[in-house]
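Comments concern the structure below.
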There are 2 protein chains.
Amino acid sequence: MQSRTPASRTGRPRSAAADTAILAATREALVELGWSKLTLGDVATRAGVAKTTLYRRWAGKNELVVDAVAELFDELELPDRGSLAADIEGVVLQFAAILVRPEAKSGLMAVVAESTRDDALRERIRASIVERQMCLVLEGRARAQLRGELPPEPDPEESARTVDLIFDMVAGAVVHRTLVSGKAADAEWVRDFTRVLLLGLTGAAREA
Amino acid sequence: MQSRTPASRTGRPRSAAADTAILAATREALVELGWSKLTLGDVATRAGVAKTTLYRRWAGKNELVVDAVAELFDELELPDRGSLAADIEGVVLQFAAILVRPEAKSGLMAVVAESTRDDALRERIRASIVERQMCLVLEGRARAQLRGELPPEPDPEESARTVDLIFDMVAGAVVHRTLVSGKAADAEWVRDFTRVLLLGLTGAAREA
DNA sequence: AGCTTTCGCTACGAGTCGTAGCGTAATACC
DNA sequence: GGTATTACGCTACGACTCGTAGCGAAAGCT
């Protein structure tokens, strides 16, 4: 999780408790101070560790916040709710519930902004946050194809394109709704969104 | 555009050239340094003005970058391309062309992140960036309803909900594709996206 | 002219950054 | 148990940025 986990077998091991304390303190500081006013010195004080300890484990503020925010997304799951529409609504509501939390709002967009100039950071975000969400899309799509709600796509290249597209549409819409428009992705919005996603603007209007 | 335009009619007027120079210097600094390493002192030097002049016009880094980035979106237009699908593809390609520019990538997400803790900043972003995009959605939808491609929605409240939803889906998908997934929203992607948006996941697959 | 406001410049205290050095604590190996 | 090795807490440091204050000069309005 940290920048590097050396295969050193000798010497005093790193405190696992310090890790959890630091990440929790980071989220706490994100809530109280936000991204721009968050300082590593303050996080170290909150966590009860020395500032040097923090720098020994993380390269900087970006990497630390990525790890702290990534843990928020661990709770994402995709229970089988019987239909594609119900599955989408369920996972979108979960996703929205995470995004309204202030530690997620403040931190996630900031590290994404930084990742536009830092490829290593982008890869770190992809591996620890985005990939998990992508797996949910894959799982939900495969489940829908088994149910016959979506046609199978034999061409692997086109299939990958479709999965990417769905992922950007779902995650992008929820993020934009929550963070840019600043409105809640509540049950009503999620219902409308799912209808448009499945049936399209033209089809959804006919069934309204 | 700046923080306040006092109705002072006497005295030396503010240099309009300084404004454009400062905003251009801000975008230049965003490209070279990115959001986090951008300093107001550096921007002032690039623009050839004193640091104090900059602080007299903008409250801080957030407000300055919002204004600098907002000018990038002035070129957004919605020419009538004959069909709803063509209109969407056209405006999405324009939007994507702006978002790939490094000054937009670095700056936009950062100020959105900051706006999660600053209501005044959020309103500033809404007024100078988001509102313009929202108008395009309204215009395109009205045009499609005249063509008969979309059914009219008499209920103003439901109509507003639909416009908000479309806006979040379109803008969110493009932003997520460009900034989070880090892939280009090229013609092929835009075509697939438009098809899903109009026909839905189920309908789009049938016509693939 | 006279008045008002802006501009450029310099300087300043405050705060943060990331690192180095040191002594101590905790574990693995012999 | 002794020893090597690493992590830890603490302090201190130079470098940098921040945002503001004060000053004299410049530019425009009446």
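Scheme for the structure tokens: letters A, B, ... for chains in order shown; per-chain residue numbers from 1; ligand numbers from 1 in order shown.
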(Q) So that I can see what lies close to Phe167 (chain A), please list as a PyMOL selection string the residues with an atom at most 10 Å from it, counting only C-alpha atoms (C1' of nucleotides) and leaving out residues fewer than 5 positions away in the same chain. (A) (chain A and resi 130+133-138+161-162+172-173) or (chain B and resi 173+176-177+181)
Check: Which residues, written as number ranges by chain, have at least one atom at most 10 Å from Gly60 (chain A), with only C-alpha atoms (C1' of nucleotides) counted and residues fewer than 4 positions away on the same chain left out?
Finding: A: 3, 40, 54-56, 64-65; C: 18
Hey, can you spit out that residue selection with N, CA and C atoms (P, O5', C5', C4', C3', O3' and C1' of nucleotides) as a tab-separated table (two decimals), in the first residue's frame?
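File written: result-v5.tsv
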chain	number	residue	atom	x	y	z
A	3	SER	N	4.57	3.35	-0.42
A	3	SER	CA	5.35	3.52	-1.63
A	3	SER	C	6.17	2.27	-1.93
A	40	LEU	N	0.96	17.65	6.03
A	40	LEU	CA	1.44	16.37	6.53
A	40	LEU	C	1.82	16.46	8.00
A	54	LEU	N	5.92	9.55	8.74
A	54	LEU	CA	5.00	9.67	7.62
A	54	LEU	C	5.77	9.73	6.30
A	55	TYR	N	6.84	10.51	6.29
A	55	TYR	CA	7.60	10.65	5.06
A	55	TYR	C	8.36	9.37	4.70
A	56	ARG	N	8.63	8.53	5.69
A	56	ARG	CA	9.31	7.28	5.38
A	56	ARG	C	8.38	6.33	4.63
A	64	LEU	N	-0.49	9.72	-0.14
A	64	LEU	CA	-1.17	9.48	1.13
A	64	LEU	C	-2.68	9.58	0.99
A	65	VAL	N	-3.14	10.62	0.33
A	65	VAL	CA	-4.58	10.82	0.21
A	65	VAL	C	-5.20	9.74	-0.68
C	18	DG	P	6.63	18.19	0.65
C	18	DG	O5'	8.07	17.58	0.95
C	18	DG	C5'	9.16	18.03	0.18
C	18	DG	C4'	10.45	17.83	0.94
C	18	DG	C3'	10.72	16.38	1.38
C	18	DG	O3'	11.88	15.90	0.74
C	18	DG	C1'	11.17	17.96	3.12
Test item: chain A residues at most 10 Å from chain C, counting only C-alpha atoms (C1' of nucleotides), as a list in words = Arg9, Thr10, Gly11, Arg12, Pro13, Arg14, Thr39, Leu40, Gly41, Thr52, Tyr55 and Gly60 of chain A
**Request:** Select, from D:DC8, D:DA15, D:DA25, D:DG1, the residue with the minimum atom-to-atom distance to chain A, counting only C-alpha atoms (C1' of nucleotides).
**Result:**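 Once distances to chain A are computed over only C-alpha atoms (C1' of nucleotides), the minimum belongs to D:DC8.
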Chain D contacts to chain B at 9 Å (only C-alpha atoms (C1' of nucleotides)) as a list in words: DT17, DG19, DT20, DA26, DA27, DG28, DC29 and DT30 of chain D
